[in-house]
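> Supplied structure: input-v3.txt, compact mmCIF, C-alpha atoms.
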```txt
# COMPACT_ATOMS: atom_id res chain seq x y z
CA MET A 1 -2.64 49.74 20.55
CA SER A 2 -2.00 49.84 16.84
CA HIS A 3 1.71 50.34 17.52
CA GLU A 4 1.71 47.21 19.65
CA LYS A 5 0.04 45.29 16.89
CA LYS A 6 2.57 46.59 14.40
CA ASP A 7 5.42 45.64 16.72
CA ARG A 8 3.98 42.16 17.15
CA LYS A 9 3.57 41.78 13.40
CA PHE A 10 7.10 42.99 12.88
CA ALA A 11 8.43 40.58 15.49
CA ARG A 12 6.49 37.72 13.93
CA SER A 13 7.75 38.52 10.45
CA GLU A 14 11.31 38.56 11.80
CA GLU A 15 10.67 35.21 13.44
CA ASP A 16 9.25 33.82 10.20
CA GLU A 17 12.26 35.08 8.28
CA ALA A 18 14.58 33.40 10.74
CA LEU A 19 12.52 30.24 10.48
CA SER A 20 12.62 30.22 6.70
CA GLU A 21 16.37 30.81 6.74
CA ASN A 22 16.86 27.95 9.13
CA MET A 23 14.52 25.76 7.14
CA GLN A 24 16.52 26.42 4.03
CA ALA A 25 19.64 25.44 5.88
CA LEU A 26 18.02 22.22 7.06
CA SER A 27 18.75 19.48 4.62
CA ASP A 28 19.32 15.77 4.65
CA SER A 29 22.96 16.26 5.51
CA ASP A 30 22.01 18.47 8.41
CA ALA A 31 21.71 15.52 10.75
CA SER A 32 25.35 15.90 11.63
CA SER A 33 25.37 19.69 11.84
CA ASP A 34 23.74 19.91 15.24
CA GLN A 35 26.08 17.49 16.94
CA GLU A 36 25.57 18.83 20.43
CA LEU A 37 21.84 18.26 20.40
CA LYS A 38 22.22 15.00 18.56
CA SER A 39 24.65 13.56 21.07
CA VAL A 40 22.31 14.48 23.92
CA LEU A 41 19.34 12.94 22.09
CA GLN A 42 21.26 9.70 21.59
CA HIS A 43 21.25 9.13 25.32
CA TRP A 44 17.68 7.98 25.01
CA SER A 45 18.06 4.57 23.47
CA ALA A 46 15.22 2.32 22.49
CA PRO A 47 15.07 -1.15 24.02
CA SER A 48 15.71 -4.13 21.84
CA THR A 49 12.70 -5.80 20.30
CA PRO A 50 11.20 -8.26 22.79
CA ALA A 51 11.45 -11.91 21.84
CA ARG A 52 7.80 -12.51 22.59
CA LEU A 53 6.88 -10.14 19.76
CA ASP A 54 8.47 -12.57 17.28
CA SER A 55 6.35 -15.45 18.50
CA ARG A 56 3.23 -13.27 18.54
CA VAL A 57 3.70 -12.08 14.96
CA MET A 58 4.58 -15.53 13.65
CA ALA A 59 1.58 -17.04 15.43
CA SER A 60 -0.63 -14.38 13.83
CA TYR A 61 0.87 -15.19 10.44
CA ARG A 62 0.21 -18.91 10.83
CA ARG A 63 -3.32 -18.30 12.03
CA HIS A 64 -4.00 -15.92 9.17
CA VAL A 65 -2.55 -18.11 6.42
CA SER A 66 -4.08 -21.35 7.68
CA HIS A 67 -7.55 -19.80 7.82
CA ARG A 68 -7.56 -18.86 4.17
CA PRO A 69 -8.41 -21.29 1.40
CA TRP A 70 -5.42 -22.35 -0.65
CA TRP A 71 -6.65 -20.66 -3.82
CA ARG A 72 -6.89 -17.27 -2.13
CA ARG A 73 -3.33 -17.31 -0.75
CA PRO A 74 -1.39 -16.20 -3.82
CA MET A 75 -4.31 -14.00 -4.87
CA SER A 76 -4.44 -11.96 -1.68
CA PHE A 77 -0.73 -11.17 -1.73
CA TRP A 78 -0.65 -10.42 -5.42
CA PRO A 79 0.76 -6.93 -5.51
CA ILE A 80 -1.71 -5.59 -8.05
CA SER A 81 -4.74 -3.47 -7.48
CA LEU A 82 -8.26 -4.82 -7.05
CA PRO A 83 -9.65 -3.32 -10.31
CA ALA A 84 -6.82 -4.94 -12.26
CA ARG A 85 -7.56 -8.26 -10.59
CA LEU A 86 -11.26 -7.93 -11.41
CA ALA A 87 -10.47 -7.04 -15.01
CA ALA A 88 -8.23 -10.09 -15.30
CA VAL A 89 -10.93 -12.34 -13.88
CA ALA A 90 -13.57 -10.82 -16.19
CA SER A 91 -11.39 -11.30 -19.27
CA LEU A 92 -10.73 -14.92 -18.24
CA CYS A 93 -14.46 -15.51 -17.89
CA LEU A 94 -15.07 -13.95 -21.32
CA LEU A 95 -12.36 -16.10 -22.86
CA ALA A 96 -13.82 -19.22 -21.27
CA PHE A 97 -17.27 -18.30 -22.60
CA VAL A 98 -15.94 -17.83 -26.14
CA ILE A 99 -14.11 -21.15 -26.03
CA PHE A 100 -17.24 -22.88 -24.73
CA GLN A 101 -19.35 -21.40 -27.49
CA ARG A 102 -16.90 -22.47 -30.17
CA GLY A 103 -16.80 -25.98 -28.76
CA ASN A 104 -20.56 -26.20 -28.91
CA SER A 105 -20.70 -24.96 -32.49
CA HIS A 106 -18.24 -27.66 -33.60
CA LYS A 107 -20.19 -30.38 -31.85
CA ASN A 108 -23.60 -29.43 -33.25
CA PRO A 109 -23.11 -27.86 -36.64
CA ILE A 110 -26.16 -26.09 -38.01
CA THR A 111 -27.80 -28.39 -40.54
CA ARG A 112 -29.30 -26.38 -43.27
CA PRO A 113 -32.11 -27.92 -45.35
CA PRO A 114 -31.08 -28.83 -48.88
CA LEU A 115 -31.82 -26.14 -51.36
CA GLU A 116 -34.76 -26.92 -53.48
CA SER A 117 -34.24 -25.98 -57.03
CA SER A 118 -37.10 -25.08 -59.17
CA VAL A 119 -37.38 -23.59 -62.55
CA ILE A 120 -39.32 -20.44 -62.76
CA GLU A 121 -40.19 -19.23 -66.09
CA GLY A 122 -40.13 -15.55 -66.53
CA THR A 123 -40.63 -13.05 -69.16
CA GLU A 124 -38.58 -9.93 -69.47
CA VAL A 125 -40.49 -6.93 -70.57
CA GLU A 126 -38.67 -3.84 -71.69
CA PHE A 127 -40.11 -0.39 -71.96
CA SER A 128 -38.03 1.47 -74.37
CA GLY A 129 -40.04 4.65 -74.24
CA ASN A 130 -38.24 6.11 -71.21
CA GLU A 131 -34.61 6.48 -70.39
CA ALA A 132 -34.88 4.04 -67.54
CA ARG A 133 -35.10 0.39 -68.28
CA TYR A 134 -37.77 -1.48 -66.41
CA VAL A 135 -37.55 -5.14 -66.13
CA THR A 136 -40.42 -7.19 -64.82
CA TYR A 137 -40.20 -10.77 -63.72
CA ILE A 138 -43.10 -13.03 -63.19
CA ASN A 139 -43.33 -13.99 -59.60
CA GLY A 140 -42.94 -17.73 -59.26
CA SER A 141 -43.85 -18.00 -55.60
CA GLY A 142 -46.45 -20.59 -54.88
CA PHE A 143 -45.72 -22.33 -58.10
CA GLN A 144 -46.56 -25.98 -57.84
CA PRO A 145 -44.82 -28.21 -60.28
CA VAL A 146 -46.84 -30.87 -61.93
CA ARG A 147 -46.82 -34.05 -60.08
CA PRO A 148 -44.96 -36.80 -61.83
CA VAL A 149 -47.28 -38.41 -64.28
CA ARG A 150 -47.07 -42.01 -64.84
CA ILE A 151 -48.04 -42.77 -68.36
CA GLN A 152 -49.50 -46.15 -68.81
CA ILE A 153 -50.34 -47.51 -72.21
CA ASN A 154 -52.87 -50.19 -72.18
CA ARG A 155 -53.29 -52.11 -75.24
CA GLY A 156 -56.82 -53.17 -75.11
CA SER A 157 -58.63 -55.82 -77.09
CA ASN A 158 -60.85 -53.22 -78.68
CA GLN A 159 -57.90 -51.91 -80.54
CA ASN A 160 -57.05 -55.28 -81.76
CA GLY A 161 -60.58 -55.73 -82.75
CA ASN A 162 -60.58 -52.49 -84.73
CA MET B 1 16.69 -18.10 1.71
CA SER B 2 19.26 -15.45 0.88
CA GLY B 3 18.91 -11.69 1.19
CA VAL B 4 18.59 -11.07 -2.53
CA TRP B 5 14.81 -11.25 -2.40
CA THR B 6 13.03 -7.96 -2.62
CA ASP B 7 10.32 -7.08 -0.13
CA ALA B 8 7.63 -7.43 -2.78
CA GLU B 9 8.86 -10.90 -3.72
CA LEU B 10 9.03 -11.97 -0.11
CA LEU B 11 5.55 -10.65 0.49
CA GLN B 12 4.22 -12.58 -2.46
CA ARG B 13 5.89 -15.78 -1.31
CA ALA B 14 4.64 -15.23 2.23
CA GLY B 15 1.14 -14.88 0.83
CA GLY B 16 1.53 -18.25 -0.79
CA GLY B 17 2.18 -19.78 2.62
CA ASP B 18 5.98 -19.55 2.70
CA GLU B 19 6.59 -18.96 6.39
CA SER B 20 10.34 -18.48 6.02
CA ALA B 21 9.70 -15.67 3.53
CA PHE B 22 7.46 -13.90 6.01
CA GLN B 23 9.96 -14.45 8.80
CA LEU B 24 12.72 -12.90 6.72
CA LEU B 25 10.52 -9.96 5.85
CA TYR B 26 9.56 -9.49 9.47
CA GLN B 27 13.14 -9.69 10.72
CA ARG B 28 14.21 -7.19 8.10
CA HIS B 29 11.82 -4.51 9.32
CA ARG B 30 11.00 -5.48 12.90
CA ASP B 31 13.62 -3.42 14.72
CA PRO B 32 13.19 -0.04 13.02
CA VAL B 33 9.41 -0.26 13.26
CA PHE B 34 9.58 -1.19 16.94
CA ARG B 35 12.12 1.55 17.69
CA PHE B 36 10.02 4.17 15.96
CA ALA B 37 6.83 3.02 17.69
CA TYR B 38 8.59 2.97 21.04
CA ARG B 39 9.90 6.50 20.72
CA LEU B 40 6.58 7.75 19.43
CA LEU B 41 4.43 6.06 22.06
CA GLY B 42 6.96 6.10 24.88
CA SER B 43 6.09 2.62 26.04
CA ALA B 44 7.64 -0.71 25.14
CA VAL B 45 4.37 -2.57 25.64
CA GLU B 46 2.43 -0.22 23.37
CA ALA B 47 5.24 -0.29 20.83
CA GLU B 48 5.08 -4.07 20.80
CA ASP B 49 1.35 -3.97 20.15
CA ALA B 50 1.79 -1.37 17.43
CA THR B 51 4.53 -3.35 15.69
CA HIS B 52 2.42 -6.49 15.82
CA ASP B 53 -0.58 -4.62 14.40
CA CYS B 54 1.56 -3.15 11.60
CA PHE B 55 2.55 -6.59 10.38
CA LEU B 56 -0.92 -7.98 10.95
CA GLY B 57 -2.33 -5.13 8.88
CA LEU B 58 0.08 -6.04 6.13
CA LEU B 59 -1.21 -9.61 6.24
CA ARG B 60 -4.85 -8.59 6.24
CA ASN B 61 -4.63 -5.93 3.55
CA PRO B 62 -1.53 -6.58 1.46
CA GLY B 63 -3.11 -4.65 -1.42
CA ARG B 64 -2.61 -1.41 0.50
CA PHE B 65 1.12 -1.68 0.04
CA ASP B 66 2.10 -0.60 -3.45
CA PRO B 67 5.81 -1.21 -4.17
CA GLN B 68 5.61 1.29 -7.03
CA GLN B 69 4.79 4.11 -4.63
CA ALA B 70 7.00 3.51 -1.61
CA SER B 71 9.24 0.97 0.03
CA LEU B 72 7.82 -1.49 2.52
CA ARG B 73 9.75 0.18 5.32
CA THR B 74 8.13 3.51 4.48
CA TYR B 75 4.76 1.79 4.43
CA LEU B 76 5.38 0.18 7.82
CA TYR B 77 6.61 3.44 9.33
CA ALA B 78 3.46 5.11 8.06
CA ALA B 79 1.32 2.32 9.51
CA ALA B 80 3.07 2.64 12.89
CA ARG B 81 2.66 6.38 12.73
CA ASN B 82 -1.08 6.06 12.08
CA LEU B 83 -1.49 3.64 14.97
CA ALA B 84 0.43 5.99 17.26
CA LEU B 85 -1.69 8.91 16.09
CA LYS B 86 -4.83 6.94 16.89
CA GLU B 87 -3.45 6.12 20.31
CA HIS B 88 -2.50 9.74 20.82
CA ARG B 89 -6.07 10.83 20.06
CA LEU B 90 -7.43 8.27 22.46
CA ARG B 91 -5.32 9.68 25.24
CA LYS B 92 -7.41 12.67 26.15
CA ASN B 93 -4.88 14.53 28.19
CA ASP B 94 -1.83 13.32 26.31
CA SER B 95 -0.60 11.53 29.38
CA PRO B 96 3.13 11.41 29.90
CA VAL B 97 5.02 8.43 28.66
CA THR B 98 4.87 5.47 30.99
CA ASP B 99 8.07 3.75 30.17
CA ASP B 100 9.57 1.31 32.56
CA VAL B 101 12.46 3.25 34.05
CA GLN B 102 14.00 0.16 35.58
CA ALA B 103 14.16 -1.50 32.17
CA GLU B 104 15.90 1.55 30.79
CA ALA B 105 18.34 1.54 33.66
CA ASP B 106 19.16 -2.08 32.95
CA ARG B 107 19.94 -1.27 29.34
CA THR B 108 22.62 1.29 30.12
CA GLY B 109 25.63 -0.77 30.92
CA ALA B 110 27.83 2.03 32.26
CA PRO B 111 30.33 0.64 34.72
CA GLU B 112 30.59 3.60 37.03
CA PRO B 113 27.59 4.16 39.28
CA LEU B 114 27.79 7.95 39.10
CA ARG B 115 28.13 7.97 35.33
CA ARG B 116 25.31 5.49 35.04
CA LEU B 117 23.12 7.65 37.22
CA LEU B 118 23.85 10.71 35.11
CA ASP B 119 23.16 8.85 31.91
CA GLU B 120 19.88 7.60 33.26
CA GLU B 121 18.89 11.06 34.32
CA LEU B 122 19.79 12.50 30.95
CA ALA B 123 17.97 9.72 29.11
CA SER B 124 14.90 10.30 31.21
CA CYS B 125 15.08 14.01 30.58
CA VAL B 126 15.45 13.56 26.82
CA ARG B 127 12.52 11.14 26.81
CA LYS B 128 10.34 13.60 28.68
CA ALA B 129 11.42 16.49 26.48
CA ILE B 130 10.55 14.56 23.34
CA ALA B 131 7.27 13.41 24.84
CA GLY B 132 6.46 17.05 25.49
CA LEU B 133 6.70 17.93 21.83
CA GLU B 134 3.63 18.27 19.70
CA HIS B 135 2.79 14.99 18.04
CA LEU B 136 3.60 16.13 14.49
CA GLN B 137 6.90 17.62 15.60
CA ARG B 138 7.75 14.53 17.60
CA GLU B 139 7.25 12.07 14.76
CA ALA B 140 9.22 14.24 12.33
CA LEU B 141 12.08 14.66 14.78
CA ILE B 142 12.23 10.95 15.63
CA LEU B 143 12.31 9.96 11.98
CA PHE B 144 15.00 12.53 11.22
CA GLU B 145 17.24 12.33 14.28
CA TYR B 146 16.89 8.72 15.34
CA GLU B 147 15.90 6.83 12.21
CA GLU B 148 17.99 9.17 10.03
CA LEU B 149 15.55 9.10 7.15
CA PRO B 150 15.77 11.63 4.32
CA LEU B 151 13.31 14.49 4.41
CA ALA B 152 11.50 13.29 1.29
CA GLU B 153 10.80 9.91 2.86
CA ILE B 154 9.63 11.51 6.09
CA ALA B 155 7.27 13.64 4.04
CA VAL B 156 5.76 10.49 2.50
CA ILE B 157 5.38 8.81 5.88
CA VAL B 158 3.69 11.72 7.61
CA GLY B 159 1.69 12.73 4.55
CA ALA B 160 3.02 16.28 4.33
CA ASP B 161 5.31 18.20 2.03
CA VAL B 162 9.02 18.54 2.64
CA GLY B 163 8.67 22.18 3.69
CA ALA B 164 6.24 21.28 6.46
CA VAL B 165 8.54 18.52 7.65
CA LYS B 166 11.50 20.91 7.75
CA SER B 167 9.46 23.39 9.73
CA ARG B 168 8.37 20.75 12.24
CA ILE B 169 11.91 19.48 12.74
CA TRP B 170 13.27 22.96 13.16
CA ARG B 171 10.64 23.89 15.73
CA ALA B 172 11.16 20.60 17.58
CA ARG B 173 14.90 21.20 17.72
CA GLU B 174 14.43 24.70 19.01
CA HIS B 175 12.12 23.41 21.71
CA LEU B 176 14.55 20.69 22.72
CA ARG B 177 17.51 23.05 22.76
CA LYS B 178 15.70 25.26 25.24
CA ILE B 179 14.72 22.37 27.50
CA LEU B 180 17.97 20.45 27.32
CA ARG B 181 20.31 23.44 27.46
CA PRO B 182 21.33 22.77 31.09
CA TYR B 183 22.30 19.27 30.08
CA PHE B 184 24.59 20.57 27.36
CA GLU B 185 26.48 22.48 30.05
CA ASN B 186 26.35 19.70 32.62
CA ARG B 187 27.47 17.18 30.07
CA SER B 188 30.50 19.20 29.09
CA HIS B 189 31.19 19.81 32.76
CA CYS B 190 30.99 16.09 33.48
CA GLU B 191 33.25 15.26 30.62
CA ILE B 192 35.87 17.76 31.74
CA THR B 193 35.85 16.47 35.29
```
Give the structure from this file in structure tokens form.

Amino acid sequence: MSHEKKDRKFARSEEDEALSENMQALSDSDASSDQELKSVLQHWSAPSTPARLDSRVMASYRRHVSHRPWWRRPMSFWPISLPARLAAVASLCLLAFVIFQRGNSHKNPITRPPLESSVIEGTEVEFSGNEARYVTYINGSGFQPVRPVRIQINRGSNQNGN
Amino acid sequence: MSGVWTDAELLQRAGGGDESAFQLLYQRHRDPVFRFAYRLLGSAVEAEDATHDCFLGLLRNPGRFDPQQASLRTYLYAAARNLALKEHRLRKNDSPVTDDVQAEADRTGAPEPLRRLLDEELASCVRKAIAGLEHLQREALILFEYEELPLAEIAVIVGADVGAVKSRIWRAREHLRKILRPYFENRSHCEIT
């Protein structure tokens, strides 16, 4: 039994060797090497393409193209991948958004309130005892300037009388 | 429209609604795709359907074809091959090819009746022998012997490496040599007489 198996294995390995040798010999130029077989195979010729196939395919093309909106026609045959198309569309949207935002900012510029100037009096205090120099300012928040005073001098009759 | 347009350019123009561009593209690849489908399926009617579906698939999903990876012809061969494989799986018992013998007889325009009869017989025998091959062997052999494609391109079409393609072709040839051996002898005999 084991001998049979060995024989079979041996036969198979011989067959594989023959196959690998033949495979190595098979190359692109080998089409002409087996002329006998090739000439026999050539007896089976394919029929010419039926004319009705042309009309079928062209009718399918017309039906397909006419059913698509015009803006999808060049898009669907664009020979680039879907992710690249999506990326292009996304970047276009982003660009449009940026342009829109800039347009808005030019139309309605931010109007800042005029700066109110006020004089805050402060006193600088220095502590010379330490190495560090501490400076203290008086906080002027909530400071209310004096309302404009209208000085009116009345020259009364009493004065004249005195 | 001249023939300087590449397939990718024609496809793009066809997508934009240029019917003449699509027609040119179709005429460029129609015959080899039909021939391949016919030999693979063994029926002119089925080959016609397969060829139509190949081009329709190209229209529906043009993004599947990447000109950077393979030529359009390779893509169409692969599409036809996939359709034939699907058809092959649908046929449960791998029924023999149902080609119209009369149509084949009409194609052979041999003048002598005896010669014509012999040619028809041989053609029928070759057709049956090829139909009897395993599907993977059959497609590799057809692409190599009939379409005369390089091994690397066949490997791309069938989705296998070159070594596997070589093996399939070699096995297919061996099978055909055994089956068609009597015809080698008869043929030489006929030619002598």
> Would you mind telling me which residue in A:Pro148, A:Arg56, A:Arg85, A:Lys38 lies nearest to Phe144 of chain B when using all atoms listed in the file?
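Selected residue with least distance to Phe144 of chain B: A:Lys38.
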> Can you measure atom CA of Tyr75 of chain B to atom CA of His88 of chain B for me? One decimal in Å is fine.
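If I compute the distance from atom CA of Tyr75 of chain B to atom CA of His88 of chain B, I get 19.6 Å.
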> Using only C-alpha atoms, find each residue in chain B having at least one atom no more than 6 Å away from chain A; report its shortest atom-to-atom pair and that distance in Å (one decimal), rows by chain then rising number, as JSON lines.

```
{"residue": "B:Gln12", "atom": "CA", "partner": "A:Phe77", "partner_atom": "CA", "distance": 5.2}
{"residue": "B:Gly15", "atom": "CA", "partner": "A:Phe77", "partner_atom": "CA", "distance": 4.9}
{"residue": "B:Gly16", "atom": "CA", "partner": "A:Pro74", "partner_atom": "CA", "distance": 4.7}
{"residue": "B:Arg35", "atom": "CA", "partner": "A:Ala46", "partner_atom": "CA", "distance": 5.8}
{"residue": "B:His52", "atom": "CA", "partner": "A:Val57", "partner_atom": "CA", "distance": 5.8}
{"residue": "B:Pro62", "atom": "CA", "partner": "A:Phe77", "partner_atom": "CA", "distance": 5.6}
{"residue": "B:Ala123", "atom": "CA", "partner": "A:Trp44", "partner_atom": "CA", "distance": 4.5}
{"residue": "B:Pro150", "atom": "CA", "partner": "A:Asp28", "partner_atom": "CA", "distance": 5.5}
{"residue": "B:Lys166", "atom": "CA", "partner": "A:Met23", "partner_atom": "CA", "distance": 5.7}
```
> I need the residues from that last selection saved to file as a PDB file, in the frame of the given file (with C-alpha atoms), if you can.

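What landed in out-v1.pdb:
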```
ATOM      1  CA  GLN B  12       4.220 -12.580  -2.460  1.00  0.00           C
ATOM      2  CA  GLY B  15       1.140 -14.880   0.830  1.00  0.00           C
ATOM      3  CA  GLY B  16       1.530 -18.250  -0.790  1.00  0.00           C
ATOM      4  CA  ARG B  35      12.120   1.550  17.690  1.00  0.00           C
ATOM      5  CA  HIS B  52       2.420  -6.490  15.820  1.00  0.00           C
ATOM      6  CA  PRO B  62      -1.530  -6.580   1.460  1.00  0.00           C
ATOM      7  CA  ALA B 123      17.970   9.720  29.110  1.00  0.00           C
ATOM      8  CA  PRO B 150      15.770  11.630   4.320  1.00  0.00           C
ATOM      9  CA  LYS B 166      11.500  20.910   7.750  1.00  0.00           C
TER      10      LYS B 166
END
```
> What is the distance between atom CA of Arg168 of chain B and atom CA of His135 of chain B, in Å to one decimal?
9.9 Å
> Please indicate the distance in Å from atom CA of Val165 of chain B to atom CA of Gln137 of chain B, rounded to one decimal place.
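Computing it gives 8.2 Å between the two atoms.
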> Here is a test: counting only C-alpha atoms, which residue of B:Tyr77, B:Ile157, B:Leu83, B:His29 is nearest to Glu46 of chain B?
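Among the listed residues, B:Leu83 lies closest to Glu46 of chain B.
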> Which residues, written as JSON, numbers by chain, have at least one atom at most 8 Å from segment 172-179 of chain B, with only C-alpha atoms counted and residues fewer than 5 positions away on the same chain left out?
{"A": [37], "B": [129, 130, 133, 137, 138, 141]}
> Which one is closest to Glu153 of chain B: B:Glu9, B:Ala70, B:Asn61, B:Asp119? Count all atoms listed in the file.
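Among the listed residues, the smallest separation from Glu153 of chain B belongs to B:Ala70.
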> Just checking: using all atoms listed in the file, which residue out of B:Ile142, B:Ala79, B:Leu180, B:Cys54 ends up closest to Leu122 of chain B?
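Closest to Leu122 of chain B, using all atoms listed in the file: B:Leu180.
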> Rank nothing, just name the residue among B:Phe55, B:Trp170, B:Phe36, B:Phe184 nearest to Glu139 of chain B, using only C-alpha atoms.
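Ranking B:Phe55, B:Trp170, B:Phe36, B:Phe184 by distance to Glu139 of chain B, first place goes to B:Phe36.
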